[in-house]
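Here is the file run-v6.cif (mmCIF, C-alpha atoms).
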```
data_model
loop_
_atom_site.label_atom_id
_atom_site.label_comp_id
_atom_site.auth_asym_id
_atom_site.auth_seq_id
_atom_site.Cartn_x
_atom_site.Cartn_y
_atom_site.Cartn_z
CA MET A 2 16.73 25.26 20.85
CA PHE A 3 15.71 22.48 23.26
CA ASN A 4 12.64 24.49 24.33
CA GLN A 5 11.75 25.16 20.71
CA THR A 6 11.93 21.46 19.93
CA ASN A 7 9.72 20.60 22.90
CA ALA A 8 7.23 23.26 21.81
CA ALA A 9 7.13 21.71 18.36
CA ILE A 10 6.48 18.28 19.84
CA VAL A 11 3.61 19.60 21.96
CA ALA A 12 2.14 21.28 18.89
CA ILE A 13 2.14 17.96 17.07
CA LEU A 14 0.61 16.03 19.95
CA ILE A 15 -2.42 18.31 20.21
CA ILE A 16 -3.21 17.96 16.51
CA ILE A 17 -6.30 15.87 15.94
CA PRO A 18 -5.72 13.84 12.76
CA LEU A 19 -8.13 14.61 9.97
CA SER A 20 -9.71 11.77 8.07
CA SER A 21 -11.97 12.00 5.08
CA ILE A 22 -14.10 8.87 4.81
CA ALA A 23 -15.85 8.52 1.47
CA MET A 24 -19.04 6.45 1.10
CA TRP A 25 -19.17 3.73 -1.55
CA ASN A 26 -21.70 4.86 -4.11
CA SER A 27 -24.89 2.78 -4.17
CA THR A 28 -24.99 3.09 -7.96
CA ARG A 29 -21.65 1.28 -8.15
CA ILE A 30 -23.03 -1.54 -6.02
CA GLN A 31 -25.98 -1.86 -8.39
CA GLU A 32 -23.60 -1.89 -11.38
CA PHE A 33 -21.63 -4.68 -9.72
CA ALA A 34 -24.78 -6.72 -9.13
CA GLU A 35 -25.81 -6.33 -12.77
CA THR A 36 -22.33 -7.29 -13.96
CA SER A 37 -22.25 -10.46 -11.87
CA VAL A 38 -25.61 -11.56 -13.30
CA GLU A 39 -25.32 -10.54 -16.96
CA ASN A 40 -21.61 -10.77 -17.76
CA GLN A 41 -19.99 -14.08 -18.60
CA LYS A 42 -16.55 -12.80 -17.62
CA ILE A 43 -14.93 -13.73 -14.34
CA VAL A 44 -16.02 -11.23 -11.68
CA ALA A 45 -13.07 -10.48 -9.40
CA LEU A 46 -12.90 -8.36 -6.26
CA ALA A 47 -9.50 -6.91 -5.38
CA SER A 48 -9.05 -5.82 -1.80
CA PHE A 49 -7.30 -2.50 -2.54
CA TYR A 50 -5.81 -0.49 -5.41
CA PRO A 51 -2.45 -2.12 -6.35
CA LEU A 52 -4.10 -5.55 -6.50
CA TYR A 53 -6.93 -4.06 -8.56
CA GLU A 54 -4.41 -2.82 -11.14
CA PHE A 55 -2.39 -6.05 -11.10
CA THR A 56 -5.55 -8.10 -11.67
CA LYS A 57 -6.75 -5.86 -14.50
CA GLU A 58 -3.34 -6.17 -16.19
CA VAL A 59 -3.47 -9.96 -15.98
CA GLY A 60 -7.19 -10.47 -16.70
CA LYS A 61 -7.74 -7.66 -19.22
CA ASP A 62 -10.97 -8.23 -21.19
CA LYS A 63 -11.66 -11.67 -19.74
CA VAL A 64 -12.06 -10.46 -16.14
CA ASP A 65 -14.24 -7.74 -14.66
CA VAL A 66 -12.26 -6.39 -11.71
CA TRP A 67 -13.86 -4.41 -8.90
CA LEU A 68 -12.28 -2.57 -6.03
CA LEU A 69 -13.47 -3.86 -2.68
CA VAL A 70 -12.22 -1.03 -0.44
CA PRO A 71 -13.90 2.16 -1.76
CA PRO A 72 -11.80 5.00 -3.21
CA GLY A 73 -10.55 7.42 -0.57
CA ILE A 74 -10.78 4.89 2.26
CA GLU A 75 -7.70 3.81 4.20
CA PRO A 76 -7.55 -0.03 3.96
CA HIS A 77 -6.28 -0.23 7.55
CA ASP A 78 -9.58 1.27 8.73
CA TRP A 79 -12.06 -0.45 6.42
CA GLU A 80 -14.71 -2.97 7.45
CA PRO A 81 -17.25 -4.39 4.98
CA SER A 82 -20.84 -3.17 5.19
CA ILE A 83 -23.87 -5.40 4.57
CA GLN A 84 -24.02 -4.16 0.97
CA GLU A 85 -20.36 -4.96 0.45
CA LEU A 86 -20.84 -8.43 1.90
CA LYS A 87 -23.52 -8.97 -0.75
CA ARG A 88 -21.03 -7.95 -3.44
CA ILE A 89 -18.57 -10.46 -2.04
CA GLN A 90 -21.18 -13.19 -2.23
CA GLN A 91 -21.75 -12.43 -5.92
CA ALA A 92 -18.06 -12.46 -6.92
CA ASP A 93 -16.26 -15.38 -8.57
CA ILE A 94 -12.94 -14.73 -6.87
CA ILE A 95 -11.31 -12.39 -4.34
CA ILE A 96 -7.71 -11.18 -4.50
CA ILE A 97 -6.07 -10.18 -1.21
CA ASN A 98 -2.63 -8.95 -0.25
CA GLY A 99 -2.28 -11.38 2.66
CA MET A 100 0.20 -11.16 5.56
CA GLY A 101 -2.57 -9.87 7.83
CA PHE A 102 -3.16 -6.68 5.82
CA GLU A 103 -6.87 -7.44 5.38
CA LYS A 104 -8.03 -7.55 8.99
CA TRP A 105 -11.57 -8.25 7.83
CA PHE A 106 -10.55 -11.40 5.93
CA GLU A 107 -11.65 -13.96 8.52
CA ASP A 108 -15.13 -12.43 8.59
CA ILE A 109 -15.31 -12.75 4.80
CA LYS A 110 -14.36 -16.43 4.94
CA LYS A 111 -17.12 -17.06 7.46
CA PHE A 112 -19.62 -15.23 5.29
CA ASN A 113 -18.74 -17.05 2.06
CA SER A 114 -16.35 -19.92 2.71
CA ASN A 115 -16.71 -21.33 -0.81
CA ILE A 116 -15.40 -18.37 -2.78
CA PRO A 117 -11.88 -18.84 -4.21
CA ILE A 118 -9.26 -16.60 -2.60
CA ILE A 119 -5.98 -15.55 -4.22
CA ASP A 120 -3.46 -14.71 -1.51
CA SER A 121 -0.94 -12.69 -3.51
CA SER A 122 1.72 -12.94 -0.78
CA ILE A 123 2.34 -16.66 -1.25
CA GLY A 124 6.06 -17.30 -1.69
CA ILE A 125 7.21 -13.96 -0.23
CA ASN A 126 9.42 -13.94 2.85
CA ILE A 127 7.82 -12.07 5.73
CA ILE A 128 9.60 -9.25 7.55
CA LYS A 129 8.69 -8.92 11.20
CA GLU A 130 7.80 -5.39 12.26
CA ILE A 131 10.19 -3.50 14.53
CA ASN A 132 8.93 -1.64 17.56
CA ILE A 133 9.00 2.14 17.58
CA ASP A 134 12.44 2.55 19.17
CA ASN A 135 13.97 -0.07 16.84
CA SER A 136 15.15 -2.15 19.80
CA HIS A 137 13.44 -5.46 19.08
CA LEU A 138 11.25 -7.38 16.65
CA ASP A 139 7.58 -7.81 17.46
CA ASP A 140 6.84 -11.44 16.65
CA SER A 141 3.09 -10.84 16.84
CA LEU A 142 3.16 -8.57 13.77
CA THR A 143 4.28 -8.83 10.17
CA ASP A 144 4.87 -6.02 7.72
CA PRO A 145 2.36 -6.44 4.85
CA HIS A 146 3.57 -3.67 2.50
CA ILE A 147 5.05 -6.02 -0.09
CA TRP A 148 3.51 -4.23 -3.09
CA LEU A 149 5.93 -1.30 -2.62
CA ASN A 150 8.84 -3.54 -3.60
CA PRO A 151 8.61 -4.12 -7.39
CA SER A 152 10.42 -7.44 -7.06
CA MET A 153 7.69 -8.66 -4.71
CA ALA A 154 4.97 -7.07 -6.83
CA LYS A 155 6.12 -9.41 -9.61
CA ILE A 156 5.43 -12.39 -7.35
CA GLN A 157 2.00 -10.97 -6.57
CA VAL A 158 1.23 -10.64 -10.28
CA LYS A 159 2.29 -14.24 -10.88
CA ASN A 160 0.13 -15.45 -7.98
CA ILE A 161 -2.85 -13.59 -9.44
CA ALA A 162 -2.23 -15.16 -12.85
CA ASP A 163 -1.99 -18.63 -11.28
CA GLY A 164 -5.29 -18.07 -9.43
CA LEU A 165 -7.11 -16.96 -12.57
CA ILE A 166 -5.68 -19.91 -14.50
CA GLU A 167 -6.94 -22.31 -11.85
CA LEU A 168 -10.40 -20.81 -12.22
CA ASP A 169 -10.28 -20.55 -16.03
CA GLN A 170 -8.01 -23.21 -17.53
CA ASP A 171 -9.14 -22.51 -21.08
CA ASN A 172 -7.40 -19.13 -21.01
CA ARG A 173 -4.15 -20.24 -19.38
CA SER A 174 -1.87 -18.87 -22.12
CA TYR A 175 -3.78 -15.57 -22.19
CA TYR A 176 -3.24 -14.91 -18.48
CA GLN A 177 0.36 -16.10 -18.62
CA LYS A 178 1.19 -13.76 -21.52
CA ASN A 179 -0.47 -10.77 -19.86
CA SER A 180 1.34 -11.38 -16.58
CA GLU A 181 4.69 -11.76 -18.36
CA ASN A 182 4.15 -8.47 -20.21
CA TYR A 183 3.33 -6.61 -17.00
CA ILE A 184 6.23 -8.20 -15.14
CA LYS A 185 8.53 -6.76 -17.83
CA LYS A 186 7.24 -3.29 -16.86
CA LEU A 187 7.94 -4.06 -13.21
CA ASP A 188 11.44 -5.22 -14.15
CA ALA A 189 12.03 -1.88 -15.87
CA LEU A 190 10.74 -0.02 -12.80
CA ASP A 191 13.01 -2.05 -10.53
CA SER A 192 16.05 -1.32 -12.69
CA LYS A 193 15.25 2.40 -12.77
CA ILE A 194 14.91 2.63 -8.98
CA ARG A 195 18.08 0.60 -8.41
CA LYS A 196 20.13 2.74 -10.83
CA GLU A 197 18.86 6.15 -9.75
CA LEU A 198 19.23 5.57 -6.00
CA SER A 199 22.52 3.66 -6.12
CA ASN A 200 24.84 6.57 -5.31
CA CYS A 201 22.58 8.50 -2.94
CA SER A 202 22.26 8.87 0.82
CA LYS A 203 20.50 6.02 2.59
CA ASP A 204 18.43 7.48 5.43
CA PHE A 205 14.90 8.87 5.01
CA VAL A 206 11.97 9.66 7.33
CA ALA A 207 8.66 8.11 6.20
CA PHE A 208 5.36 8.88 7.88
CA HIS A 209 4.59 5.28 8.84
CA ASN A 210 6.47 2.02 8.40
CA ALA A 211 5.26 1.18 4.90
CA PHE A 212 8.62 1.06 3.14
CA THR A 213 10.44 -1.73 4.96
CA TYR A 214 10.54 -4.10 1.96
CA PHE A 215 11.36 -1.24 -0.40
CA ALA A 216 14.20 0.01 1.81
CA LYS A 217 15.69 -3.45 2.22
CA GLU A 218 15.58 -4.08 -1.54
CA TYR A 219 17.42 -0.87 -2.41
CA GLY A 220 19.80 -0.60 0.54
CA LEU A 221 18.02 2.27 2.29
CA ASN A 222 17.27 2.96 5.97
CA GLN A 223 13.69 3.82 6.83
CA HIS A 224 12.95 5.93 9.93
CA ILE A 225 9.33 6.50 10.89
CA ILE A 226 7.09 8.95 12.70
CA VAL A 227 4.13 6.62 13.34
CA LEU A 228 4.20 2.84 13.84
CA ASN A 229 1.74 0.51 12.05
CA GLU A 230 -1.42 2.62 11.77
CA PRO A 231 -1.01 5.75 9.63
CA HIS A 232 -3.69 7.54 11.65
CA GLY A 233 -1.93 6.84 14.93
CA GLU A 234 -0.40 9.62 16.98
CA PRO A 235 3.34 9.70 17.71
CA THR A 236 4.54 9.90 21.29
CA SER A 237 6.63 12.82 22.52
CA LYS A 238 9.59 10.45 22.91
CA THR A 239 9.28 9.33 19.29
CA LEU A 240 9.01 12.88 17.98
CA GLU A 241 12.01 14.03 19.96
CA LYS A 242 14.00 11.07 18.68
CA ILE A 243 13.03 11.71 15.04
CA ILE A 244 13.89 15.41 15.25
CA ASN A 245 17.26 14.73 16.88
CA LEU A 246 18.04 11.90 14.45
CA ALA A 247 17.17 14.04 11.43
CA LYS A 248 19.38 16.86 12.72
CA GLU A 249 22.26 14.46 13.30
CA MET A 250 21.90 13.02 9.78
CA LYS A 251 21.31 16.45 8.22
CA ILE A 252 17.94 15.31 6.84
CA LYS A 253 15.99 18.25 5.45
CA ILE A 254 13.01 16.50 3.83
CA ILE A 255 10.33 14.75 5.90
CA PHE A 256 7.81 12.58 4.10
CA THR A 257 4.06 12.59 4.55
CA GLU A 258 1.45 10.47 2.72
CA GLU A 259 -2.09 10.65 1.42
CA GLY A 260 -4.96 10.55 3.87
CA VAL A 261 -3.06 11.79 6.94
CA ASP A 262 -2.76 15.18 8.62
CA LYS A 263 0.33 16.72 7.00
CA ARG A 264 0.87 19.11 9.89
CA THR A 265 2.75 16.47 11.87
CA SER A 266 5.41 16.20 9.17
CA GLU A 267 5.32 19.96 8.58
CA VAL A 268 6.16 20.81 12.19
CA ILE A 269 9.09 18.36 12.19
CA ALA A 270 10.33 19.79 8.89
CA LYS A 271 10.10 23.32 10.30
CA GLU A 272 12.36 22.28 13.16
CA LEU A 273 14.88 21.17 10.56
CA ASN A 274 14.51 24.26 8.35
CA GLY A 275 13.40 21.80 5.70
CA LYS A 276 10.21 20.82 3.88
CA ILE A 277 7.81 17.93 3.31
CA LEU A 278 7.23 15.74 0.28
CA THR A 279 4.82 12.86 -0.30
CA LEU A 280 5.97 9.25 -0.22
CA SER A 281 2.88 7.29 -1.15
CA PRO A 282 2.18 3.80 0.24
CA LEU A 283 -0.39 3.43 -2.60
CA GLU A 284 -2.96 2.28 -0.07
CA ILE A 285 -5.67 4.85 -0.87
CA SER A 286 -6.93 4.72 -4.44
CA GLU A 287 -7.34 7.93 -6.40
CA THR A 288 -8.80 8.95 -9.74
CA ASP A 289 -6.54 7.81 -12.57
CA THR A 290 -4.12 6.13 -10.18
CA ASN A 291 -1.40 4.13 -11.91
CA TYR A 292 0.93 1.88 -9.92
CA ILE A 293 4.07 2.44 -11.98
CA GLU A 294 3.51 6.20 -12.30
CA LYS A 295 2.95 6.52 -8.54
CA MET A 296 6.10 4.53 -7.84
CA GLU A 297 8.02 6.80 -10.22
CA GLU A 298 6.67 9.82 -8.31
CA ASN A 299 7.95 8.21 -5.11
CA LEU A 300 11.31 7.71 -6.78
CA ALA A 301 11.48 11.37 -7.87
CA ASN A 302 10.73 12.54 -4.31
CA LEU A 303 13.25 10.12 -2.81
CA LYS A 304 15.87 11.39 -5.24
CA GLU A 305 15.19 14.95 -4.13
CA ALA A 306 15.59 13.89 -0.49
CA LEU A 307 18.58 11.58 -0.89
CA CYS A 308 20.50 12.52 -4.01
CA ASN A 309 21.04 16.26 -3.71
#
```

Take the structure in the file and write it out as structure tokens.
Amino acid sequence: MFNQTNAAIVAILIIIPLSSIAMWNSTRIQEFAETSVENQKIVALASFYPLYEFTKEVGKDKVDVWLLVPPGIEPHDWEPSIQELKRIQQADIIIINGMGFEKWFEDIKKFNSNIPIIDSSIGINIIKEINIDNSHLDDSLTDPHIWLNPSMAKIQVKNIADGLIELDQDNRSYYQKNSENYIKKLDALDSKIRKELSNCSKDFVAFHNAFTYFAKEYGLNQHIIVLNEPHGEPTSKTLEKIINLAKEMKIKIIFTEEGVDKRTSEVIAKELNGKILTLSPLEISETDTNYIEKMEENLANLKEALCN
């Protein structure tokens, strides 16, 4: 069995991760330029999908919201092109996650220092990231994945509403009402997750450390295959530890996520005579993506892993 486990680890380490990098359509850039010139609405750029949805829910028909990181692109990997910098210059406001998630942010500020920025993480307590063997905190890093905790997503929605109100005082009550209505939906999501996971097992294996805030909120223990960057490669020591830990805890489901090579999780699952499911960090936008629906899909997959 030991030799089989080592063989599985070697198989994982020689896998070259696949990445599909989509190009932002030039037609969309032209549409954005025309919108910023002709439309009297606020033109907002959201850094990635959850913030795009939150801003649309708050702004509705008074704000034109555009996604800054193109669909299909991993936000960790993205850097703005010249065309995208032009779009930024034409926007009225930019909404970011904060907590260091947008590595390109300082370059944007240098390019257009006058544009209002909504940092949706204001008021949220930071969790320091833990190194790969869980032995100590890395004070140089913070975990930015706050949007995966509905309680923190509510704070992000309120911060977005406050930013739009500051820019457009005449529609204060409109933005406040919209944010309150969406926060009620997030409250319902939070209650559903809390209720349905309350009597289940606590330990799960995620692909990368995106679910720290989620796990803490709902009393779960997150174990990871890859630290920080979802396209990173796990070390042999890490893989051996995950396989042994999963066997000890009788874990049969290993999670993967969108935009990564699933074979890493598949080989681990094979060692456990188990299977893989998707636990989405909601970082890569998709056609017809919906934040609450995607979170409910995550909940269904977590229930299958933890509640059976």

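Rounded to one decimal, CA of His209 in chain A and CA of Ile255 in chain A lie 11.5 Å from each other.
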
Subject >> Atomic separation - CA of Leu283 in chain A relative to CA of Trp105 in chain A, Å >> reply: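 For CA of Trp105 in chain A relative to CA of Leu283 in chain A, the distance reads 19.2 Å.
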
Subject >> CA of Lys155 in chain A to CA of Glu181 in chain A, straight-line distance in Å >> reply: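 Computing the Euclidean distance for CA of Glu181 in chain A and CA of Lys155 in chain A yields 9.2 Å.
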
Original post:
Between A:Lys251, A:Lys129, A:Lys104, A:Lys263, which is the closest to Gly275 in chain A once you count only C-alpha atoms?
Top reply: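 Between A:Lys251, A:Lys129, A:Lys104, A:Lys263, the residue approaching Gly275 in chain A most closely is A:Lys251.
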
Quick one: which range 86-133 of chain A residues come within 10 Å of range 158-168 of chain A, and what is the nearest atom pair for each with the distance in Å to one decimal, counting only C-alpha atoms, rows ordered by chain and ascending number, as a Markdown table?
```
| residue | atom | partner | partner_atom | distance |
| --- | --- | --- | --- | --- |
| A:Asp93 | CA | A:Leu168 | CA | 8.8 |
| A:Ile94 | CA | A:Leu165 | CA | 8.5 |
| A:Ile95 | CA | A:Gly164 | CA | 9.7 |
| A:Ile96 | CA | A:Ile161 | CA | 7.3 |
| A:Ile97 | CA | A:Ile161 | CA | 9.5 |
| A:Pro117 | CA | A:Leu168 | CA | 8.4 |
| A:Ile118 | CA | A:Gly164 | CA | 8.0 |
| A:Ile119 | CA | A:Gly164 | CA | 5.8 |
| A:Asp120 | CA | A:Asn160 | CA | 7.4 |
| A:Ser121 | CA | A:Asn160 | CA | 5.4 |
| A:Ser122 | CA | A:Asn160 | CA | 7.8 |
| A:Ile123 | CA | A:Asn160 | CA | 7.2 |
| A:Gly124 | CA | A:Asn160 | CA | 8.8 |
```

Subject >> Asn222 in chain A environment, 7 Å, only C-alpha atoms, sequence neighbours closer than 2 positions dropped, as a ChimeraX atom specification >> reply: /A:203-205,216,220,224

Subject >> Test item: residues at most 9 Å from Ile128 in chain A, only C-alpha atoms, excluding those fewer than 6 positions along its chain, as an MDAnalysis selection string >> reply: chainID A and resid 142:145 213:214

Original post:
Between A:Gln41, A:Asn309, A:Ser174, A:Ser286, which is the closest to Pro76 in chain A once you count only C-alpha atoms?
Top reply: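 Answer, going by the shortest atom-to-atom distance: A:Ser286.
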
Original post:
If I put a ball of radius 12 Å at (4.0, 11.9, -2.1) in the file's coordinates, which residues poke into it when counting all atoms listed in the file, written as a VMD selection string?
Top reply: chain A and resid 207 to 208 254 to 261 263 277 to 283 294 to 303 305 to 306

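Among A:Arg88, A:Lys248, A:Lys238, A:Lys57, the residue with the shortest atom-to-atom distance to Leu69 in chain A, counting only C-alpha atoms, is A:Arg88.
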
Original post:
Counting only C-alpha atoms, what is within 10 Å of Ala247 in chain A, bar same-chain residues fewer than 2 positions away, as a VMD selection string?
Top reply: chain A and resid 204 to 206 224 241 to 245 249 to 255 269 to 270 272 to 273

Original post:
Of the candidates A:Leu52, A:Val66, A:Val59, A:Ile293, which one gets nearest to Lys178 in chain A if we count only C-alpha atoms?
Top reply: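 Smallest separation from Lys178 in chain A among the options: A:Val59.
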
What are the centre and edge lengths in Å, to one decimal, of the axis-aligned box around all listed atoms of range 259-278 of chain A with 4 Å added on each side, as AutoDock Vina command-line options?
```
--center_x 5.0 --center_y 17.4 --center_z 6.7 --size_x 27.8 --size_y 21.7 --size_z 20.9
```
